[in-house]
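Peer 1: My structure is stored as input.cif, with mmCIF, C-alpha atoms.
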```cif
data_coords
loop_
_atom_site.label_atom_id
_atom_site.label_comp_id
_atom_site.auth_asym_id
_atom_site.auth_seq_id
_atom_site.Cartn_x
_atom_site.Cartn_y
_atom_site.Cartn_z
CA MET A 1 36.20 -23.50 57.58
CA MET A 2 34.52 -25.77 55.03
CA ALA A 3 33.56 -22.69 53.00
CA GLU A 4 37.05 -21.17 53.31
CA LEU A 5 38.93 -24.29 52.24
CA GLY A 6 36.60 -24.99 49.31
CA GLU A 7 36.46 -28.22 47.35
CA GLY A 8 39.83 -29.60 48.46
CA VAL A 9 38.60 -30.23 52.00
CA LYS A 10 37.19 -33.48 53.26
CA PRO A 11 35.64 -33.81 56.72
CA ILE A 12 36.86 -36.76 58.77
CA ALA A 13 34.96 -38.42 61.61
CA GLY A 14 35.63 -42.11 62.26
CA GLY A 15 38.08 -42.32 59.37
CA THR A 16 37.34 -46.00 58.73
CA ASP A 17 36.50 -45.23 55.11
CA LEU A 18 38.46 -42.05 54.35
CA ILE A 19 41.83 -43.20 55.74
CA VAL A 20 41.66 -46.44 53.73
CA ASN A 21 40.73 -44.55 50.57
CA MET A 22 43.50 -42.01 51.11
CA ARG A 23 46.04 -44.80 51.60
CA ARG A 24 44.89 -46.44 48.37
CA GLY A 25 45.01 -43.12 46.56
CA ALA A 26 41.28 -43.23 45.88
CA ALA A 27 40.76 -40.04 47.90
CA THR A 28 43.27 -37.19 47.66
CA PRO A 29 41.94 -34.28 49.70
CA GLU A 30 44.21 -31.23 50.18
CA HIS A 31 42.86 -30.78 53.69
CA VAL A 32 41.23 -33.13 56.15
CA LEU A 33 38.99 -31.44 58.68
CA SER A 34 38.22 -33.37 61.87
CA LEU A 35 34.69 -33.15 63.24
CA GLY A 36 35.59 -35.26 66.29
CA ARG A 37 35.83 -32.41 68.78
CA ILE A 38 32.47 -30.79 68.05
CA LYS A 39 30.53 -31.92 71.12
CA GLU A 40 27.06 -31.34 69.63
CA LEU A 41 27.85 -33.83 66.87
CA CYS A 42 28.60 -36.57 69.38
CA ALA A 43 25.35 -36.25 71.36
CA MET A 44 22.30 -38.47 71.16
CA ASP A 45 19.08 -37.18 72.67
CA LEU A 46 15.49 -38.20 72.91
CA SER A 47 13.01 -35.39 73.40
CA GLY A 48 9.39 -36.45 73.39
CA SER A 49 9.06 -38.91 70.54
CA THR A 50 11.99 -37.52 68.51
CA LEU A 51 15.40 -39.16 68.62
CA ARG A 52 18.30 -37.08 67.36
CA ILE A 53 21.53 -38.98 66.73
CA GLY A 54 24.55 -36.71 66.34
CA ALA A 55 26.45 -37.51 63.16
CA CYS A 56 29.64 -38.32 65.07
CA CYS A 57 28.02 -40.84 67.45
CA THR A 58 29.96 -44.06 66.96
CA VAL A 59 28.18 -47.06 65.52
CA ALA A 60 29.03 -48.87 68.80
CA SER A 61 27.15 -46.19 70.77
CA VAL A 62 24.15 -46.63 68.47
CA ALA A 63 24.27 -50.41 68.98
CA GLU A 64 24.49 -50.01 72.77
CA SER A 65 21.86 -47.29 73.24
CA SER A 66 18.91 -48.45 75.33
CA ASN A 67 16.62 -45.87 73.67
CA ILE A 68 17.48 -47.28 70.27
CA ALA A 69 17.16 -50.90 71.40
CA SER A 70 13.66 -50.28 72.79
CA ARG A 71 12.25 -47.91 70.15
CA PHE A 72 14.26 -48.66 67.02
CA PRO A 73 15.43 -52.30 67.25
CA ALA A 74 16.02 -52.58 63.49
CA LEU A 75 18.58 -49.77 63.74
CA CYS A 76 20.29 -51.68 66.53
CA GLU A 77 20.42 -54.71 64.20
CA GLY A 78 21.91 -52.55 61.46
CA ALA A 79 24.56 -51.14 63.78
CA LEU A 80 25.55 -54.60 65.01
CA SER A 81 25.91 -55.82 61.40
CA LEU A 82 28.39 -53.09 60.50
CA GLY A 83 32.09 -53.99 60.21
CA SER A 84 33.61 -55.46 63.35
CA PRO A 85 33.58 -54.44 67.02
CA LEU A 86 36.86 -52.56 66.42
CA ILE A 87 35.44 -50.70 63.43
CA ARG A 88 32.21 -49.91 65.30
CA ASN A 89 34.23 -48.16 68.03
CA LEU A 90 35.55 -45.72 65.39
CA ALA A 91 32.98 -45.57 62.60
CA THR A 92 30.24 -42.97 62.97
CA ALA A 93 26.53 -43.05 62.17
CA GLY A 94 26.87 -40.01 59.92
CA GLY A 95 29.86 -41.50 58.14
CA ASN A 96 27.88 -44.58 57.15
CA LEU A 97 25.40 -42.26 55.41
CA VAL A 98 27.63 -39.69 53.70
CA THR A 99 29.84 -42.37 52.13
CA ALA A 100 26.64 -43.61 50.41
CA ARG A 101 27.83 -47.15 49.78
CA PRO A 102 25.05 -49.23 48.19
CA ALA A 103 25.62 -52.02 50.75
CA ALA A 104 25.89 -49.80 53.86
CA ASP A 105 24.15 -51.19 56.95
CA LEU A 106 22.54 -48.13 58.53
CA PRO A 107 20.57 -46.66 55.61
CA PRO A 108 18.01 -49.49 55.24
CA PRO A 109 16.85 -49.49 58.89
CA LEU A 110 16.96 -45.68 59.07
CA MET A 111 14.85 -45.43 55.91
CA ALA A 112 12.48 -48.08 57.25
CA TYR A 113 11.87 -45.72 60.18
CA ASP A 114 11.37 -42.85 57.70
CA GLY A 115 14.47 -41.07 59.03
CA SER A 116 15.86 -37.76 57.86
CA VAL A 117 19.17 -35.95 58.17
CA THR A 118 20.09 -32.38 59.05
CA LEU A 119 22.64 -30.77 56.74
CA GLN A 120 24.46 -27.60 57.67
CA SER A 121 26.77 -25.15 55.94
CA SER A 122 27.89 -21.63 56.76
CA CYS A 123 24.80 -20.47 54.80
CA GLY A 124 22.25 -22.35 56.89
CA LYS A 125 20.58 -25.59 57.78
CA ARG A 126 18.18 -27.91 55.95
CA VAL A 127 16.49 -31.21 56.62
CA VAL A 128 16.47 -33.92 53.94
CA ALA A 129 14.52 -37.17 54.10
CA LEU A 130 16.85 -40.15 53.67
CA ASP A 131 14.61 -41.29 50.80
CA ARG A 132 15.93 -38.35 48.81
CA PHE A 133 19.44 -38.24 50.27
CA PHE A 134 21.14 -40.97 48.23
CA VAL A 135 21.51 -40.25 44.53
CA GLY A 136 24.11 -42.78 43.35
CA PRO A 137 26.97 -45.01 44.52
CA GLY A 138 29.05 -42.73 46.74
CA ARG A 139 26.87 -39.75 45.87
CA THR A 140 24.38 -37.87 48.04
CA ALA A 141 22.26 -34.73 47.86
CA MET A 142 24.83 -32.90 50.00
CA LYS A 143 26.64 -29.83 48.69
CA PRO A 144 30.46 -29.82 49.03
CA THR A 145 30.28 -27.11 51.70
CA GLU A 146 27.70 -28.94 53.80
CA ILE A 147 28.23 -31.38 56.63
CA LEU A 148 25.72 -33.85 57.99
CA THR A 149 25.07 -32.87 61.61
CA SER A 150 22.38 -35.26 62.81
CA ILE A 151 19.99 -38.07 62.01
CA VAL A 152 16.39 -37.56 63.11
CA LEU A 153 13.92 -40.38 63.82
CA GLU A 154 10.32 -40.21 65.04
CA THR A 155 9.20 -42.98 67.39
CA PRO A 156 6.71 -45.10 65.41
CA ALA A 157 3.00 -45.19 66.29
CA ALA A 158 1.60 -47.95 68.51
CA PHE A 159 1.39 -51.43 66.94
CA SER A 160 4.43 -50.83 64.72
CA GLY A 161 7.47 -53.04 64.23
CA ALA A 162 10.59 -53.09 62.10
CA SER A 163 13.50 -55.40 61.44
CA TYR A 164 16.75 -55.59 59.47
CA ILE A 165 18.78 -58.47 58.10
CA LYS A 166 22.01 -58.63 56.17
CA LEU A 167 23.10 -61.54 54.04
CA GLY A 168 26.83 -62.13 53.76
CA THR A 169 29.19 -65.07 53.61
CA ARG A 170 30.63 -64.37 57.07
CA ARG A 171 29.34 -62.70 60.19
CA ALA A 172 31.87 -59.89 60.68
CA LEU A 173 33.70 -57.45 58.44
CA GLU A 174 31.34 -58.27 55.64
CA ILE A 175 29.95 -56.30 52.73
CA SER A 176 26.35 -57.39 52.16
CA ILE A 177 25.27 -59.54 49.24
CA ALA A 178 21.79 -58.22 49.93
CA SER A 179 20.09 -56.62 52.92
CA VAL A 180 16.49 -55.81 53.73
CA ALA A 181 14.74 -53.63 56.31
CA CYS A 182 10.97 -53.79 56.77
CA PHE A 183 8.55 -51.63 58.74
CA LEU A 184 4.90 -52.39 59.41
CA SER A 185 2.32 -50.34 61.29
CA LEU A 186 -1.00 -52.06 62.11
CA GLU A 187 -4.37 -50.57 62.99
CA ARG A 188 -4.38 -52.91 66.00
CA PRO A 189 -2.70 -56.23 66.90
CA GLY A 190 -3.85 -58.73 64.27
CA GLY A 191 -5.41 -55.91 62.22
CA LYS A 192 -4.87 -54.34 58.81
CA ILE A 193 -1.55 -52.84 57.70
CA LEU A 194 -1.78 -49.03 57.85
CA ALA A 195 1.76 -48.26 56.77
CA ALA A 196 4.55 -50.34 55.28
CA ARG A 197 8.10 -49.59 54.24
CA VAL A 198 10.44 -52.06 52.56
CA VAL A 199 14.03 -50.94 52.01
CA LEU A 200 16.61 -52.90 50.02
CA GLY A 201 20.39 -52.64 50.35
CA ALA A 202 23.17 -53.83 48.01
CA VAL A 203 20.76 -54.54 45.14
CA ALA A 204 20.64 -51.09 43.49
CA PRO A 205 23.03 -48.12 43.01
CA PHE A 206 21.84 -46.85 46.40
CA PRO A 207 19.59 -48.08 49.24
CA MET A 208 16.11 -48.15 47.69
CA ARG A 209 12.48 -48.18 48.83
CA ALA A 210 10.55 -51.07 47.27
CA GLY A 211 7.41 -49.10 46.44
CA ASP A 212 5.57 -51.93 44.69
CA ALA A 213 6.08 -54.23 47.66
CA GLU A 214 4.80 -51.51 49.99
CA LYS A 215 1.67 -50.99 47.87
CA THR A 216 1.02 -54.73 47.98
CA LEU A 217 0.98 -54.61 51.78
CA ILE A 218 -0.93 -51.44 52.66
CA GLY A 219 -4.59 -51.97 53.60
CA GLU A 220 -4.26 -55.77 53.79
CA ILE A 221 -4.40 -58.24 56.66
CA PRO A 222 -0.87 -59.69 57.15
CA SER A 223 -0.46 -63.30 56.07
CA PRO A 224 2.31 -65.51 54.65
CA PRO A 225 0.78 -65.42 51.12
CA LEU A 226 0.64 -61.60 51.29
CA PHE A 227 4.29 -61.49 52.42
CA LEU A 228 5.22 -63.84 49.57
CA LYS A 229 3.57 -61.45 47.10
CA ALA A 230 5.39 -58.50 48.67
CA GLY A 231 8.70 -60.39 48.57
CA GLN A 232 8.23 -61.17 44.90
CA ALA A 233 7.34 -57.54 44.17
CA ALA A 234 10.49 -56.36 45.99
CA ALA A 235 12.62 -58.84 44.03
CA ALA A 236 11.09 -57.66 40.74
CA GLU A 237 11.78 -53.99 41.42
CA SER A 238 15.34 -54.53 42.79
CA LYS A 239 18.18 -53.71 40.38
CA PRO A 240 21.04 -55.98 41.44
CA ILE A 241 24.33 -56.46 39.58
CA ASP A 242 26.59 -59.50 39.10
CA ASP A 243 29.83 -59.26 41.03
CA HIS A 244 32.25 -61.46 42.98
CA ARG A 245 29.90 -61.43 45.99
CA GLY A 246 26.96 -62.89 44.13
CA THR A 247 25.04 -62.96 40.88
CA ALA A 248 22.13 -60.66 40.16
CA GLU A 249 19.83 -63.68 39.92
CA TYR A 250 20.86 -64.94 43.38
CA ARG A 251 20.50 -61.47 44.85
CA ARG A 252 17.00 -61.09 43.42
CA ASP A 253 15.97 -64.47 44.88
CA MET A 254 17.41 -63.46 48.23
CA VAL A 255 15.53 -60.15 48.21
CA SER A 256 12.29 -62.12 48.07
CA VAL A 257 13.32 -64.53 50.83
CA LEU A 258 14.74 -61.85 53.13
CA THR A 259 11.76 -59.55 52.63
CA GLN A 260 9.33 -62.30 53.63
CA LYS A 261 11.47 -63.14 56.64
CA MET A 262 11.77 -59.52 57.79
CA LEU A 263 8.05 -58.82 57.28
CA GLY A 264 7.44 -61.77 59.60
CA VAL A 265 9.74 -60.33 62.28
CA ALA A 266 8.31 -56.81 61.85
CA LEU A 267 4.81 -58.25 62.23
CA GLU A 268 5.75 -60.10 65.42
CA ARG A 269 7.18 -56.88 66.85
CA ALA A 270 4.16 -54.84 65.74
CA ASN A 271 1.78 -57.30 67.40
CA ALA A 272 3.84 -57.20 70.58
CA SER A 273 4.18 -53.41 70.72
CA GLU A 274 1.95 -50.95 72.50
CA MET B 275 53.85 -28.58 59.14
CA LYS B 276 54.15 -30.63 62.31
CA LYS B 277 51.52 -30.64 65.02
CA THR B 278 52.15 -31.14 68.72
CA ILE B 279 49.96 -33.73 70.39
CA HIS B 280 49.66 -34.75 73.97
CA ILE B 281 48.68 -38.37 74.59
CA THR B 282 48.91 -40.81 77.47
CA VAL B 283 50.51 -44.09 76.44
CA ASN B 284 50.44 -46.95 78.91
CA ASN B 285 49.75 -44.47 81.72
CA LYS B 286 52.71 -42.26 80.78
CA PRO B 287 52.04 -38.77 79.41
CA VAL B 288 53.82 -38.11 76.11
CA ASP B 289 54.18 -34.93 74.06
CA LEU B 290 55.05 -35.51 70.44
CA GLU B 291 55.46 -33.57 67.24
CA VAL B 292 53.75 -35.51 64.48
CA GLN B 293 52.96 -35.05 60.80
CA PRO B 294 49.23 -34.40 60.26
CA ASN B 295 49.03 -37.42 57.93
CA GLN B 296 50.75 -39.88 60.30
CA THR B 297 48.57 -42.62 61.72
CA LEU B 298 48.48 -43.51 65.37
CA LEU B 299 49.93 -46.90 64.39
CA GLU B 300 52.96 -45.25 62.76
CA VAL B 301 53.56 -43.05 65.78
CA ILE B 302 53.27 -45.98 68.20
CA ARG B 303 55.67 -48.18 66.24
CA GLU B 304 58.12 -45.74 64.70
CA ARG B 305 58.26 -42.84 67.15
CA LEU B 306 57.53 -44.56 70.46
CA ARG B 307 59.22 -47.80 69.33
CA LEU B 308 56.41 -49.87 70.83
CA THR B 309 56.56 -52.55 68.17
CA GLY B 310 54.23 -54.99 69.93
CA THR B 311 51.44 -53.27 67.99
CA LYS B 312 51.56 -54.89 64.53
CA ALA B 313 50.91 -53.49 61.08
CA GLY B 314 48.79 -55.92 59.07
CA CYS B 315 46.31 -55.08 56.35
CA LEU B 316 46.31 -51.29 56.99
CA ALA B 317 42.62 -51.26 56.04
CA GLY B 318 40.85 -52.08 59.30
CA ASP B 319 40.19 -55.68 58.32
CA CYS B 320 42.70 -57.68 60.38
CA GLY B 321 42.94 -56.15 63.86
CA ALA B 322 46.72 -56.71 64.19
CA CYS B 323 47.11 -52.98 65.01
CA THR B 324 44.54 -53.03 67.82
CA VAL B 325 45.19 -50.67 70.73
CA LEU B 326 42.83 -49.43 73.44
CA LEU B 327 41.79 -45.81 72.86
CA ASP B 328 40.13 -44.49 76.02
CA GLY B 329 39.62 -48.14 76.99
CA LYS B 330 38.01 -49.25 73.73
CA PRO B 331 39.70 -51.49 71.17
CA ILE B 332 40.20 -49.80 67.81
CA ASN B 333 42.27 -50.25 64.64
CA SER B 334 45.18 -47.83 65.13
CA CYS B 335 45.87 -47.89 61.37
CA LEU B 336 42.60 -45.98 60.83
CA VAL B 337 43.23 -43.15 63.29
CA LEU B 338 45.38 -40.11 62.57
CA ALA B 339 47.80 -39.40 65.40
CA VAL B 340 46.39 -35.86 65.67
CA GLN B 341 42.94 -37.35 66.30
CA ALA B 342 44.32 -39.12 69.39
CA HIS B 343 45.31 -35.82 71.02
CA GLY B 344 44.22 -35.77 74.66
CA LYS B 345 43.37 -39.47 74.74
CA GLN B 346 44.51 -42.49 76.70
CA ILE B 347 46.20 -45.24 74.73
CA MET B 348 47.11 -48.70 75.90
CA THR B 349 49.31 -50.98 73.84
CA ILE B 350 50.30 -54.58 74.58
CA GLU B 351 53.42 -53.25 76.34
CA GLY B 352 51.16 -51.69 78.99
CA VAL B 353 49.23 -54.86 79.80
CA GLU B 354 51.80 -56.55 82.04
CA THR B 355 51.32 -55.92 85.75
CA PRO B 356 54.00 -55.28 88.41
CA GLN B 357 53.39 -58.88 89.49
CA GLY B 358 54.27 -60.21 86.06
CA LEU B 359 52.18 -61.32 83.11
CA HIS B 360 48.54 -60.21 83.06
CA PRO B 361 46.18 -63.19 83.65
CA LEU B 362 45.15 -62.99 79.99
CA GLN B 363 48.75 -63.12 78.81
CA ALA B 364 49.42 -66.06 81.13
CA ALA B 365 46.31 -67.84 79.83
CA PHE B 366 47.43 -67.35 76.19
CA VAL B 367 50.80 -68.91 77.05
CA ASN B 368 49.38 -71.77 79.12
CA LYS B 369 46.59 -72.66 76.68
CA GLY B 370 48.88 -72.59 73.64
CA ALA B 371 46.86 -69.77 72.11
CA ILE B 372 49.90 -68.32 70.34
CA GLN B 373 51.50 -69.63 67.18
CA CYS B 374 53.14 -66.98 65.01
CA GLY B 375 52.10 -64.33 67.51
CA TYR B 376 51.16 -61.63 65.02
CA CYS B 377 47.52 -61.38 66.10
CA THR B 378 48.26 -61.94 69.80
CA PRO B 379 48.68 -58.32 70.98
CA GLY B 380 45.41 -57.33 69.32
CA MET B 381 43.60 -60.41 70.62
CA ILE B 382 44.74 -59.76 74.18
CA LEU B 383 43.80 -56.07 74.10
CA THR B 384 40.36 -56.81 72.63
CA ALA B 385 39.86 -59.55 75.24
CA LYS B 386 41.02 -57.23 78.03
CA SER B 387 38.43 -54.65 77.06
CA LEU B 388 35.73 -57.34 76.84
CA LEU B 389 36.52 -58.75 80.29
CA LYS B 390 36.51 -55.26 81.77
CA ARG B 391 32.94 -54.76 80.47
CA SER B 392 31.73 -58.35 81.00
CA PRO B 393 34.02 -60.14 83.48
CA LYS B 394 31.99 -63.36 83.08
CA ALA B 395 31.88 -63.31 79.27
CA ASP B 396 30.81 -66.64 77.78
CA GLU B 397 32.08 -68.29 74.62
CA ALA B 398 29.53 -66.61 72.32
CA GLN B 399 30.37 -63.16 73.68
CA ILE B 400 34.09 -63.88 73.31
CA ARG B 401 33.72 -65.01 69.70
CA LYS B 402 31.73 -61.89 68.88
CA ALA B 403 34.20 -59.60 70.62
CA ILE B 404 37.22 -60.95 68.71
CA SER B 405 35.41 -61.04 65.36
CA GLY B 406 37.49 -58.07 64.17
CA ASN B 407 40.80 -59.73 65.06
CA LEU B 408 41.93 -62.26 62.49
CA CYS B 409 44.21 -65.18 63.29
CA ARG B 410 45.61 -67.22 60.40
CA CYS B 411 47.28 -69.95 62.51
CA THR B 412 45.24 -71.34 65.36
CA GLY B 413 41.71 -71.50 64.09
CA TYR B 414 40.62 -69.46 67.12
CA GLN B 415 39.73 -72.43 69.34
CA LYS B 416 42.68 -72.07 71.69
CA ILE B 417 42.37 -68.29 71.72
CA VAL B 418 38.74 -68.60 72.80
CA GLU B 419 39.74 -71.20 75.40
CA ALA B 420 42.43 -68.90 76.80
CA ILE B 421 40.05 -65.93 77.11
CA LEU B 422 37.39 -68.18 78.62
CA PHE B 423 39.96 -69.48 81.12
CA ALA B 424 40.97 -65.92 82.07
CA SER B 425 37.31 -64.93 82.42
CA ARG B 426 36.60 -67.87 84.73
CA SER B 427 39.69 -67.32 86.84
CA SER B 428 38.86 -63.63 87.28
CA LEU B 429 35.67 -64.54 89.17
#
```
Written as structure tokens, how would this file's structure read?

Peer 2:
Amino acid sequence: MMAELGEGVKPIAGGTDLIVNMRRGAATPEHVLSLGRIKELCAMDLSGSTLRIGACCTVASVAESSNIASRFPALCEGALSLGSPLIRNLATAGGNLVTARPAADLPPPLMAYDGSVTLQSSCGKRVVALDRFFVGPGRTAMKPTEILTSIVLETPAAFSGASYIKLGTRRALEISIASVACFLSLERPGGKILAARVVLGAVAPFPMRAGDAEKTLIGEIPSPPLFLKAGQAAAAESKPIDDHRGTAEYRRDMVSVLTQKMLGVALERANASE
Amino acid sequence: MKKTIHITVNNKPVDLEVQPNQTLLEVIRERLRLTGTKAGCLAGDCGACTVLLDGKPINSCLVLAVQAHGKQIMTIEGVETPQGLHPLQAAFVNKGAIQCGYCTPGMILTAKSLLKRSPKADEAQIRKAISGNLCRCTGYQKIVEAILFASRSSL
């Protein structure tokens, strides 16, 4: 149907973004195609170490999933930061990705876990790492005839931990001033950092990996001075703008603070994990 | 190009012909004349339009009526029991948790869904649950007290 209707068609899932944009006149699709009744898109399943989240799973179902809480706690934190309880009952995991808002709450934790997405059109299926999915504000690597069908996460190795935090001026219905997700994988509790991912939200045109911060961390023994260096590196490579939510200078400072904080939480979780 | 939908509203089955671009909120207020559900910001920010969709509180301004096909909807008009006011409604009245009343239907429906899931919800859980329902009169204190009272008396 997507292929038949061409460019004038817009898929709708939770509608929490599309309906508002249509009402404002910011989106004017000729056709709206509901994905809500495709059962496969609403399923979440864990097989072996792979978790597949159907694109139409609500954000509330992500927040409440015991598999996600135990294996991917940072994603749970992201889901609970999104919108309000009412919005989370409608909004979908896939929707929070395809809208590609720079301040969206699910991309940073999903990228911290090195997640990918499955895209499908009538011509076939492909898997794209989230690192390469976002290309600009509101823009993704998806073709107009494709839909996002699922999000795929691999359970991290032993001695890994991740965390997510969002800075806003209120605790619900908030668009982030800055947000940070961190992932650390240790060789053993108290040991060297084998893998690190630092993802920044709301401080660049799209959710970004802080590569310099990650390089600072890999191969080192975790310590507050190391985390300070990583935080400063993340702040330096962030590309925030001034707007009514905060100045670029404030955002950059907060990137450093939040990164240090989240590395600390990720470390605690990595040390406690098996 | 109207579409026929079948929904259950306050336990009564309803068949309706709706426009594909009509929201559930518009259908509830203008077709079913259940005006207890309020239109506020129309952007999902205020929660005045809250209804329960299959038992879960949602912003009815963000749902197309056609998307509600086959689902159960409860509005504030369906909350009252044959014995009279629902304990939550009675608590809102007795605790003075209503001023202008615009947020009240949404608050009560959100609270009803919370107490169904967690009958012994504490203050922190209540404040989190109603964080998508804005009140511009009371400052929330009395609303929280009313829900807390209803949660205690349901034990």

Peer 1: Any idea which chain B residues end up within 9 Å of chain A if we count all atoms listed in the file, as a list of chain:residue names please?

Peer 2: B:Leu316, B:Ala317, B:Gly318, B:Asp319, B:Gly321, B:Thr324, B:Lys330, B:Pro331, B:Ile332, B:Asn333, B:Cys335, B:Leu336, B:Val337, B:Leu338, B:Gln341, B:Thr384, B:Lys402, B:Ala403, B:Ile404, B:Ser405, B:Gly406, B:Asn407

Peer 1: Report the distance between CA of Pro287 in chain B and CA of Leu327 in chain B in Å, rounded to one decimal place.

Peer 2: 14.1 Å

Peer 1: I would like the residues chosen by the PyMOL selection byres ((chain B and resi 358-367) around 10) on the shown file; could you give them as a PyMOL selection string?

Peer 2: chain B and resi 350+352-357+368-373+378-379+381-383+385-386+389+416-425+427-428

Peer 1: Tell me which protein, DNA and RNA residues are within 8 Å of range 49-64 of chain A, counting only C-alpha atoms, leaving out same-chain ones fewer than 6 positions away, and put them as number ranges by chain.

Peer 2: A: 13-14, 35-36, 40-43, 75-77, 79-80, 82, 85, 88-95, 148-155

Peer 1: CA of Asp212 in chain A and CA of Ala230 in chain A are how many Å apart?

Peer 2: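 About the pair CA of Asp212 in chain A and CA of Ala230 in chain A: they are 7.7 Å apart.
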
Peer 1: Residue by residue, what does the PyMOL selection byres ((chain B and resi 282) around 10) grab here? Present the result as a VMD selection string.

Peer 2: chain B and resid 280 to 281 283 to 289 327 to 328 342 to 348

Peer 1: Can you list what the PyMOL selection byres ((chain B and resi 322) around 7) grabs from this structure, as a list in words?

Peer 2: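 Written out, the selection comes to Thr311, Lys312, Ala313, Gly314, Cys320, Gly321, Cys323, Thr324, Tyr376, Cys377, Gly380 and Asn407 of chain B.
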
Peer 1: Quick one: distance from CA of Met1 in chain A to CA of Ile38 in chain A in Å, one decimal?

Peer 2: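 If I compute the distance from CA of Met1 in chain A to CA of Ile38 in chain A, I get 13.3 Å.
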
Peer 1: Quick one: residues within 8 Å of Leu184 in chain A, all atoms listed in the file, excluding same-chain residues fewer than 4 positions away - as a PyMOL selection string?

Peer 2: chain A and resi 160-162+193-197+263+266-267+270

Peer 1: Need to verify the contact set: Lys277 in chain B, 7 Å, all atoms listed in the file, exclusion of same-chain residues closer than 5 positions in sequence. Can you return it as a compact mmCIF listing (two decimals) with C-alpha atoms, keeping the file's coordinate frame?

Peer 2:
```txt
# COMPACT_ATOMS: atom_id res chain seq x y z
CA GLU B 291 55.46 -33.57 67.24
CA VAL B 292 53.75 -35.51 64.48
CA GLN B 293 52.96 -35.05 60.80
CA PRO B 294 49.23 -34.40 60.26
```

Peer 1: Which of these, B:Thr278, B:Asn295, B:Thr309, B:Ser387, has the shortest distance to Gly329 in chain B once you count all atoms listed in the file?

Peer 2: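 Under the stated criterion, the closest residue is B:Ser387.
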
Peer 1: Can you tell me, as a ChimeraX atom specification, what residues are no more than 10 Å from Thr169 in chain A when counting all atoms listed in the file, ignoring any on the same chain fewer than 5 positions away?

Peer 2: /A:174-177,245-246

Peer 1: Pick from A:Ile241, A:Ala141, A:Met111, A:Val203: nearest to Val98 in chain A, with all atoms listed in the file counted?

Peer 2: A:Ala141
